[in-house]
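What follows is the content of upload21.txt (compact mmCIF, C-alpha atoms).
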# COMPACT_ATOMS: atom_id res chain seq x y z
CA MET A 1474 -0.85 23.43 11.97
CA VAL A 1475 0.79 21.39 9.23
CA PRO A 1476 -0.08 22.63 5.72
CA ILE A 1477 -2.00 20.14 3.60
CA SER A 1478 0.65 20.27 0.87
CA TYR A 1479 3.17 18.59 3.21
CA TYR A 1480 0.91 15.54 3.40
CA LEU A 1481 0.40 15.54 -0.37
CA VAL A 1482 4.14 15.77 -1.06
CA LEU A 1483 4.76 12.89 1.36
CA SER A 1484 2.04 10.93 -0.42
CA ALA A 1485 3.70 11.61 -3.80
CA VAL A 1486 7.11 10.57 -2.46
CA LEU A 1487 5.72 7.32 -1.04
CA PHE A 1488 3.91 6.60 -4.32
CA GLY A 1489 7.12 7.24 -6.28
CA LEU A 1490 9.06 4.93 -3.98
CA GLY A 1491 6.36 2.31 -4.58
CA VAL A 1492 6.81 2.68 -8.35
CA VAL A 1493 10.59 2.39 -7.96
CA ALA A 1494 10.17 -0.75 -5.85
CA PHE A 1495 7.75 -2.13 -8.45
CA VAL A 1496 10.28 -1.89 -11.32
CA PHE A 1497 13.32 -2.56 -9.13
CA LYS A 1498 12.41 -5.76 -7.31
CA ARG A 1499 12.50 -9.21 -8.87
CA ASN A 1500 10.72 -11.15 -6.15
CA ILE A 1501 7.01 -11.46 -6.90
CA ILE A 1502 6.04 -11.07 -3.22
CA THR A 1503 8.05 -7.85 -2.89
CA ILE A 1504 6.42 -6.52 -6.08
CA PHE A 1505 3.05 -7.21 -4.48
CA MET A 1506 4.17 -5.30 -1.39
CA ALA A 1507 5.13 -2.36 -3.62
CA ILE A 1508 1.51 -2.27 -4.86
CA GLU A 1509 0.32 -2.14 -1.24
CA LEU A 1510 2.74 0.75 -0.63
CA MET A 1511 1.23 2.68 -3.56
CA LEU A 1512 -2.30 2.04 -2.24
CA ASN A 1513 -1.21 3.39 1.15
CA ALA A 1514 0.24 6.53 -0.44
CA VAL A 1515 -3.06 7.19 -2.22
CA ASN A 1516 -4.95 6.63 1.06
CA LEU A 1517 -2.83 9.32 2.72
CA ALA A 1518 -3.78 11.77 -0.05
CA PHE A 1519 -7.47 10.88 0.42
CA VAL A 1520 -7.37 11.53 4.17
CA ALA A 1521 -5.41 14.76 3.70
CA PHE A 1522 -7.98 16.07 1.20
CA SER A 1523 -10.80 14.97 3.49
CA ARG A 1524 -9.24 17.09 6.24
CA ALA A 1525 -8.58 20.06 3.95
CA LEU A 1526 -12.13 20.16 2.58
CA GLY A 1527 -13.76 19.41 5.95
CA GLN A 1528 -15.73 16.51 4.44
CA LEU A 1529 -15.74 12.84 5.35
CA GLN A 1530 -16.24 11.27 1.91
CA GLY A 1531 -12.48 10.86 1.59
CA GLN A 1532 -12.32 8.74 4.73
CA VAL A 1533 -15.20 6.56 3.51
CA PHE A 1534 -13.26 6.04 0.30
CA VAL A 1535 -10.14 5.05 2.25
CA PHE A 1536 -12.26 2.48 4.08
CA PHE A 1537 -13.34 0.94 0.78
CA VAL A 1538 -9.77 1.02 -0.57
CA ILE A 1539 -8.60 -0.92 2.50
CA VAL A 1540 -11.37 -3.51 2.01
CA VAL A 1541 -10.47 -3.97 -1.66
CA ALA A 1542 -6.76 -4.20 -0.75
CA ALA A 1543 -7.56 -6.99 1.70
CA ALA A 1544 -9.50 -8.92 -0.95
CA GLU A 1545 -6.71 -8.29 -3.47
CA ALA A 1546 -4.08 -9.55 -1.01
CA ALA A 1547 -6.01 -12.77 -0.41
CA VAL A 1548 -6.44 -13.58 -4.11
CA GLY A 1549 -2.96 -12.33 -5.08
CA LEU A 1550 -1.18 -14.39 -2.47
CA ALA A 1551 -3.16 -17.47 -3.53
CA ILE A 1552 -1.94 -16.88 -7.10
CA ILE A 1553 1.63 -16.44 -5.80
CA ILE A 1554 1.40 -19.76 -3.95
CA LEU A 1555 0.22 -21.41 -7.20
CA ILE A 1556 3.10 -19.86 -9.19
CA ALA A 1557 5.65 -20.92 -6.58
CA ARG A 1558 4.25 -24.44 -6.62
CA ASN A 1559 4.31 -24.73 -10.43
CA ARG A 1560 7.62 -22.98 -11.20
CA GLN A 1561 9.62 -23.67 -8.02
CA SER A 1562 10.71 -20.01 -8.15
CA LEU A 1563 9.51 -16.59 -7.01
CA ASN A 1564 11.56 -14.66 -9.58
CA VAL A 1565 9.27 -12.81 -12.00
CA GLU A 1566 11.61 -13.45 -14.93
CA ARG A 1567 10.80 -17.15 -14.66
CA VAL A 1568 7.10 -16.29 -14.98
CA ALA A 1569 7.30 -14.67 -18.43
CA LEU A 1570 4.68 -17.01 -19.92
CA LEU A 1571 1.17 -17.68 -18.70
CA LYS A 1572 1.40 -21.24 -20.02
CA LEU A 1573 3.75 -23.67 -18.37
CA MET B 1083 8.28 24.89 15.00
CA SER B 1084 5.04 23.64 16.51
CA ALA B 1085 4.72 20.26 18.18
CA GLU B 1086 2.35 19.06 15.44
CA LEU B 1087 4.89 19.84 12.73
CA ALA B 1088 7.61 18.05 14.70
CA VAL B 1089 5.44 14.93 15.04
CA PHE B 1090 4.60 15.12 11.33
CA LEU B 1091 8.26 15.37 10.35
CA VAL B 1092 9.26 12.41 12.55
CA LEU B 1093 6.44 10.22 11.18
CA ALA B 1094 7.10 11.30 7.59
CA ALA B 1095 10.82 10.53 7.94
CA LEU B 1096 9.94 7.14 9.41
CA ALA B 1097 7.56 6.38 6.52
CA VAL B 1098 10.07 7.39 3.83
CA ALA B 1099 12.87 5.48 5.58
CA GLY B 1100 10.64 2.38 5.69
CA ALA B 1101 9.80 2.72 1.99
CA VAL B 1102 13.47 3.11 1.06
CA SER B 1103 14.31 0.12 3.24
CA LEU B 1104 11.66 -1.90 1.37
CA ILE B 1105 13.59 -1.26 -1.85
CA VAL B 1106 17.10 -1.74 -0.42
CA GLN B 1107 16.50 -4.95 1.54
CA ARG B 1108 17.05 -8.08 -0.52
CA HIS B 1109 15.25 -10.60 1.65
CA PRO B 1110 11.44 -10.44 1.30
CA ILE B 1111 10.86 -10.82 5.04
CA HIS B 1112 12.94 -7.68 5.69
CA SER B 1113 10.93 -5.85 3.02
CA ALA B 1114 7.70 -6.96 4.72
CA LEU B 1115 8.87 -5.68 8.10
CA SER B 1116 9.86 -2.34 6.48
CA LEU B 1117 6.38 -2.09 4.97
CA ILE B 1118 4.89 -2.59 8.46
CA VAL B 1119 6.96 0.39 9.67
CA VAL B 1120 5.50 2.49 6.82
CA MET B 1121 1.95 1.42 7.68
CA VAL B 1122 2.29 2.14 11.40
CA SER B 1123 3.75 5.59 10.76
CA LEU B 1124 0.91 6.26 8.29
CA ALA B 1125 -1.54 5.32 11.06
CA GLY B 1126 0.13 7.99 13.20
CA LEU B 1127 -0.28 10.52 10.39
CA TYR B 1128 -3.99 9.67 10.14
CA LEU B 1129 -4.30 10.40 13.86
CA LEU B 1130 -2.60 13.73 13.24
CA LEU B 1131 -5.16 14.44 10.50
CA GLY B 1132 -8.00 13.71 12.92
CA ALA B 1133 -9.06 10.42 11.31
CA GLU B 1134 -9.14 8.15 14.37
CA PHE B 1135 -11.27 5.43 12.78
CA ILE B 1136 -9.09 5.15 9.68
CA SER B 1137 -6.01 5.06 11.91
CA ALA B 1138 -7.40 2.14 13.92
CA VAL B 1139 -8.47 0.31 10.74
CA GLN B 1140 -5.02 0.90 9.27
CA ILE B 1141 -3.38 -0.79 12.25
CA ILE B 1142 -5.90 -3.64 12.55
CA VAL B 1143 -6.47 -4.50 8.89
CA TYR B 1144 -3.24 -3.43 7.14
CA ALA B 1145 -0.52 -3.90 9.74
CA GLY B 1146 -2.45 -6.68 11.44
CA ALA B 1147 -4.24 -8.82 8.87
CA ILE B 1148 -2.72 -8.13 5.46
CA MET B 1149 0.91 -8.01 6.55
CA VAL B 1150 0.51 -11.15 8.66
CA LEU B 1151 -0.80 -12.83 5.50
CA PHE B 1152 2.29 -11.62 3.61
CA VAL B 1153 4.71 -12.81 6.29
CA PHE B 1154 2.85 -16.12 6.46
CA VAL B 1155 3.16 -16.67 2.70
CA ILE B 1156 6.85 -15.67 2.70
CA MET B 1157 7.52 -18.25 5.40
CA LEU B 1158 5.29 -20.86 3.76
CA LEU B 1159 7.14 -20.58 0.46
CA ASN B 1160 10.51 -20.30 2.21
CA ALA B 1161 11.42 -17.31 0.02
CA GLY B 1162 15.14 -16.68 -0.09
CA ILE B 1163 17.33 -13.73 -0.99
CA GLU B 1164 16.51 -12.14 -4.32
CA GLU B 1165 18.80 -13.15 -7.16
CA ARG B 1166 20.23 -10.53 -9.50
CA THR B 1167 19.83 -10.91 -13.26
CA ASN B 1168 20.44 -8.86 -16.39
CA LEU B 1169 16.99 -7.38 -16.34
CA SER B 1170 17.32 -6.20 -12.76
CA ARG B 1171 20.48 -4.32 -13.75
CA MET B 1172 18.51 -2.68 -16.56
CA ALA B 1173 15.78 -1.83 -14.06
CA ARG B 1174 18.37 -0.12 -11.90
CA TYR B 1175 19.67 2.14 -14.67
CA VAL B 1176 16.37 2.87 -16.40
CA GLY B 1177 13.69 2.22 -13.81
CA LEU B 1178 15.30 4.05 -10.90
CA PRO B 1179 15.77 7.40 -12.74
CA LEU B 1180 12.26 7.19 -14.18
CA GLY B 1181 10.76 6.44 -10.75
CA VAL B 1182 12.65 9.33 -9.15
CA LEU B 1183 11.53 11.56 -12.04
CA LEU B 1184 7.88 10.59 -11.46
CA MET B 1185 8.25 11.25 -7.73
CA ALA B 1186 9.85 14.66 -8.30
CA LEU B 1187 7.24 15.62 -10.92
CA LEU B 1188 4.33 14.69 -8.65
CA ALA B 1189 5.84 16.50 -5.65
CA TYR B 1190 6.61 19.57 -7.79
CA ALA B 1191 3.11 19.73 -9.29
CA ILE B 1192 1.49 19.36 -5.86
CA GLY B 1193 3.83 21.86 -4.24
CA ARG B 1194 3.18 24.43 -6.95
CA GLY B 1195 -0.58 23.90 -6.92
CA ALA B 1196 -0.91 23.91 -3.15
CA SER B 1197 1.40 26.83 -2.38
CA SER B 1198 -1.44 29.34 -2.67
CA GLN B 1199 -3.79 27.10 -0.70
CA ALA B 1200 -4.66 27.90 2.89
CA PRO B 1201 -3.40 25.49 5.57
CA ALA B 1202 -5.59 22.57 6.55
CA ALA B 1203 -8.89 23.61 8.05
CA ALA B 1204 -9.57 22.15 11.47
CA GLY B 1205 -12.58 20.15 10.34
CA PRO B 1206 -13.86 17.84 13.07
CA ALA B 1207 -14.08 14.26 11.86
CA PRO B 1208 -15.92 12.27 14.50
CA THR B 1209 -16.27 8.58 13.99
CA LYS B 1210 -20.02 8.82 14.59
CA THR B 1211 -20.53 10.98 11.50
CA LEU B 1212 -18.39 8.56 9.51
CA ALA B 1213 -20.53 5.63 10.66
CA MET B 1214 -23.73 7.50 9.75
CA MET B 1215 -22.35 8.21 6.30
CA LEU B 1216 -21.13 4.65 5.81
CA PHE B 1217 -24.45 3.05 6.75
CA GLN B 1218 -26.77 5.60 5.14
CA ASP B 1219 -25.28 7.27 2.08
CA PHE B 1220 -22.83 4.49 1.22
CA VAL B 1221 -24.81 1.46 2.36
CA PHE B 1222 -25.05 -0.03 -1.15
CA PRO B 1223 -21.28 0.03 -1.83
CA PHE B 1224 -20.77 -1.23 1.71
CA GLU B 1225 -22.93 -4.28 1.02
CA LEU B 1226 -21.18 -4.76 -2.31
CA THR B 1227 -17.82 -4.99 -0.55
CA SER B 1228 -19.12 -7.85 1.58
CA ILE B 1229 -19.95 -9.74 -1.63
CA LEU B 1230 -16.49 -8.84 -2.97
CA ILE B 1231 -14.82 -10.28 0.13
CA LEU B 1232 -16.92 -13.43 -0.10
CA ILE B 1233 -15.87 -13.90 -3.73
CA ALA B 1234 -12.24 -13.22 -2.78
CA ILE B 1235 -12.36 -15.89 -0.08
CA LEU B 1236 -13.85 -18.40 -2.53
CA GLY B 1237 -11.29 -17.47 -5.19
CA ALA B 1238 -8.37 -17.83 -2.79
CA LEU B 1239 -9.67 -21.20 -1.63
CA VAL B 1240 -10.18 -22.50 -5.17
CA LEU B 1241 -6.77 -21.22 -6.34
CA ALA B 1242 -4.69 -22.45 -3.44
CA LYS B 1243 -6.42 -25.80 -3.15
CA ARG B 1244 -4.04 -28.70 -3.77
CA GLU B 1245 -5.30 -30.76 -6.68
CA SER B 1246 -5.85 -34.36 -5.71

How would this structure read if it were set down as structure tokens?
Amino acid sequence: MVPISYYLVLSAVLFGLGVVAFVFKRNIITIFMAIELMLNAVNLAFVAFSRALGQLQGQVFVFFVIVVAAAEAAVGLAIIILIARNRQSLNVERVALLKL
Amino acid sequence: MSAELAVFLVLAALAVAGAVSLIVQRHPIHSALSLIVVMVSLAGLYLLLGAEFISAVQIIVYAGAIMVLFVFVIMLLNAGIEERTNLSRMARYVGLPLGVLLMALLAYAIGRGASSQAPAAAGPAPTKTLAMMLFQDFVFPFELTSILILIAILGALVLAKRES
């Protein structure tokens, strides 16, 4: 039996790597992927707690997180397409202003 | 070492390696493929935790739908290799230590808090109970998410529409 703390530490490590990727990467698509990585890390913590407490609410929550992540990906990628079309670049430093 | 622990360690190493690869790779398509590795190994971990439904949803929705959308957009925009600038050098010297610090702090706090905790109870998590809960206790949020997805589809269409 794997202790629950192993899963939580792995979740923390993945979340930290997501934060590092978020500040480290310059490509707006990769930054968006870092957000997805952080969401996944939190999902792992939810499922681990659900197992530890013997209750299923955590898994229901993960289900909703996945649904919201899908909606977020659709809208976010549409915004990224718009930015790429207007600025001809995917580098976030070229997107410092909201106005063109 | 039990077989379960061995499987956990292999999947955890795979997930961390994928996450590190996401940071190290400079081409977005390589980062996307690394993220798929992380998601598939997380699906394996969910199976290990007894969450079969979440594991299947993880593969179908995350690794299947969302990542295909990412790869599609990367190819549509013809994204090239990331360019390095002054700010990204600053991010390396300030952001990297801070991120590692956050990671270590979180892992330390969890490890200290959970050390006295008993190992994971073998709670059965059948998909039937999950479905009952989803469509009885959580039926209102469930319906709300369908509205959310509808709005997201409309928003994506309106945003990405080419102005004529």

* **Local residues around (5.3, 16.9, -3.8), at most 10 Å away, using all atoms listed in the file, as JSON, numbers by chain** => {"A": [1478, 1479, 1480, 1481, 1482, 1483, 1484, 1485, 1486, 1487], "B": [1185, 1186, 1187, 1188, 1189, 1190, 1191, 1192, 1193, 1194, 1195, 1196]}

* Asked: When you draw a straight line from CA of Gln1140 in chain B to CA of Ala1125 in chain B, how long is it in Å?
  -> 5.9 Å

* Using only C-alpha atoms: which of A:Ala1557, A:Ile1477, A:Val1520, A:Ala1514 has the shortest distance to Ile1136 in chain B -> A:Val1520

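In this model, the gap between CA of Phe1522 in chain A and CA of Ala1088 in chain B comes to 20.7 Å.
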
* To do: Using all atoms listed in the file, pick whichever of B:Gly1146, B:Pro1110, B:Gly1126, B:Gly1100 has the shortest atom-to-atom distance to chain A.
  => B:Pro1110

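In this comparison, which uses only C-alpha atoms, the residue of B:Leu1091, B:Met1214, B:Glu1164, B:Val1150 approaching chain A most closely is B:Glu1164.
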
* Residues of chain B within 7 Å of chain A, using all atoms listed in the file, as an NGL selection string? -> :B and (1086-1087 or 1094 or 1098 or 1101-1102 or 1105 or 1110 or 1113 or 1131 or 1136 or 1148 or 1164 or 1170 or 1173-1174 or 1177-1178 or 1181-1182 or 1184-1185 or 1188-1189 or 1192-1193 or 1196 or 1201-1203 or 1205 or 1207 or 1212 or 1216 or 1231 or 1234 or 1237-1238 or 1241-1242)

* CA of Asn1160 in chain B to CA of Ile1111 in chain B, distance in Å rounded to a single decimal -> 9.9 Å

Extract range 1130-1145 of chain B from the preceding block and save N, CA, C and O atoms as an mmCIF file, in the first residue's frame.
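Written out: part23.cif:
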data_model
loop_
_atom_site.group_PDB
_atom_site.id
_atom_site.type_symbol
_atom_site.label_atom_id
_atom_site.label_comp_id
_atom_site.auth_asym_id
_atom_site.auth_seq_id
_atom_site.Cartn_x
_atom_site.Cartn_y
_atom_site.Cartn_z
ATOM 1 N N LEU B 1130 -4.348 3.388 -9.975
ATOM 2 C CA LEU B 1130 -3.728 2.864 -8.757
ATOM 3 C C LEU B 1130 -4.506 3.299 -7.519
ATOM 4 O O LEU B 1130 -4.580 2.576 -6.525
ATOM 5 N N LEU B 1131 -5.100 4.501 -7.588
ATOM 6 C CA LEU B 1131 -5.885 5.016 -6.467
ATOM 7 C C LEU B 1131 -7.310 4.485 -6.487
ATOM 8 O O LEU B 1131 -8.115 4.866 -5.646
ATOM 9 N N GLY B 1132 -7.650 3.653 -7.458
ATOM 10 C CA GLY B 1132 -8.989 3.082 -7.495
ATOM 11 C C GLY B 1132 -10.029 3.986 -8.117
ATOM 12 O O GLY B 1132 -11.222 3.801 -7.891
ATOM 13 N N ALA B 1133 -9.611 4.988 -8.899
ATOM 14 C CA ALA B 1133 -10.563 5.898 -9.537
ATOM 15 C C ALA B 1133 -10.607 5.586 -11.033
ATOM 16 O O ALA B 1133 -10.011 6.281 -11.846
ATOM 17 N N GLU B 1134 -11.324 4.514 -11.385
ATOM 18 C CA GLU B 1134 -11.313 4.060 -12.783
ATOM 19 C C GLU B 1134 -11.966 5.083 -13.703
ATOM 20 O O GLU B 1134 -11.469 5.348 -14.805
ATOM 21 N N PHE B 1135 -13.091 5.662 -13.236
ATOM 22 C CA PHE B 1135 -13.816 6.605 -14.095
ATOM 23 C C PHE B 1135 -12.966 7.833 -14.399
ATOM 24 O O PHE B 1135 -12.855 8.255 -15.562
ATOM 25 N N ILE B 1136 -12.342 8.382 -13.344
ATOM 26 C CA ILE B 1136 -11.508 9.573 -13.535
ATOM 27 C C ILE B 1136 -10.338 9.248 -14.461
ATOM 28 O O ILE B 1136 -9.938 10.063 -15.305
ATOM 29 N N SER B 1137 -9.807 8.032 -14.323
ATOM 30 C CA SER B 1137 -8.690 7.623 -15.179
ATOM 31 C C SER B 1137 -9.108 7.614 -16.649
ATOM 32 O O SER B 1137 -8.395 8.138 -17.518
ATOM 33 N N ALA B 1138 -10.297 7.036 -16.914
ATOM 34 C CA ALA B 1138 -10.776 6.993 -18.299
ATOM 35 C C ALA B 1138 -11.042 8.399 -18.820
ATOM 36 O O ALA B 1138 -10.690 8.732 -19.958
ATOM 37 N N VAL B 1139 -11.655 9.248 -17.974
ATOM 38 C CA VAL B 1139 -11.948 10.626 -18.397
ATOM 39 C C VAL B 1139 -10.648 11.381 -18.657
ATOM 40 O O VAL B 1139 -10.545 12.168 -19.603
ATOM 41 N N GLN B 1140 -9.644 11.117 -17.820
ATOM 42 C CA GLN B 1140 -8.343 11.777 -18.007
ATOM 43 C C GLN B 1140 -7.777 11.457 -19.387
ATOM 44 O O GLN B 1140 -7.313 12.345 -20.105
ATOM 45 N N ILE B 1141 -7.835 10.172 -19.764
ATOM 46 C CA ILE B 1141 -7.302 9.787 -21.075
ATOM 47 C C ILE B 1141 -8.143 10.396 -22.195
ATOM 48 O O ILE B 1141 -7.617 10.995 -23.140
ATOM 49 N N ILE B 1142 -9.497 10.265 -22.074
ATOM 50 C CA ILE B 1142 -10.356 10.667 -23.191
ATOM 51 C C ILE B 1142 -10.376 12.187 -23.340
ATOM 52 O O ILE B 1142 -10.187 12.717 -24.436
ATOM 53 N N VAL B 1143 -10.612 12.897 -22.224
ATOM 54 C CA VAL B 1143 -10.806 14.344 -22.329
ATOM 55 C C VAL B 1143 -9.469 15.075 -22.369
ATOM 56 O O VAL B 1143 -9.235 15.898 -23.259
ATOM 57 N N TYR B 1144 -8.566 14.786 -21.398
ATOM 58 C CA TYR B 1144 -7.309 15.534 -21.347
ATOM 59 C C TYR B 1144 -6.369 15.121 -22.473
ATOM 60 O O TYR B 1144 -6.049 15.904 -23.364
ATOM 61 N N ALA B 1145 -5.921 13.845 -22.410
ATOM 62 C CA ALA B 1145 -4.938 13.407 -23.403
ATOM 63 C C ALA B 1145 -5.560 13.363 -24.788
ATOM 64 O O ALA B 1145 -4.895 13.616 -25.791
#
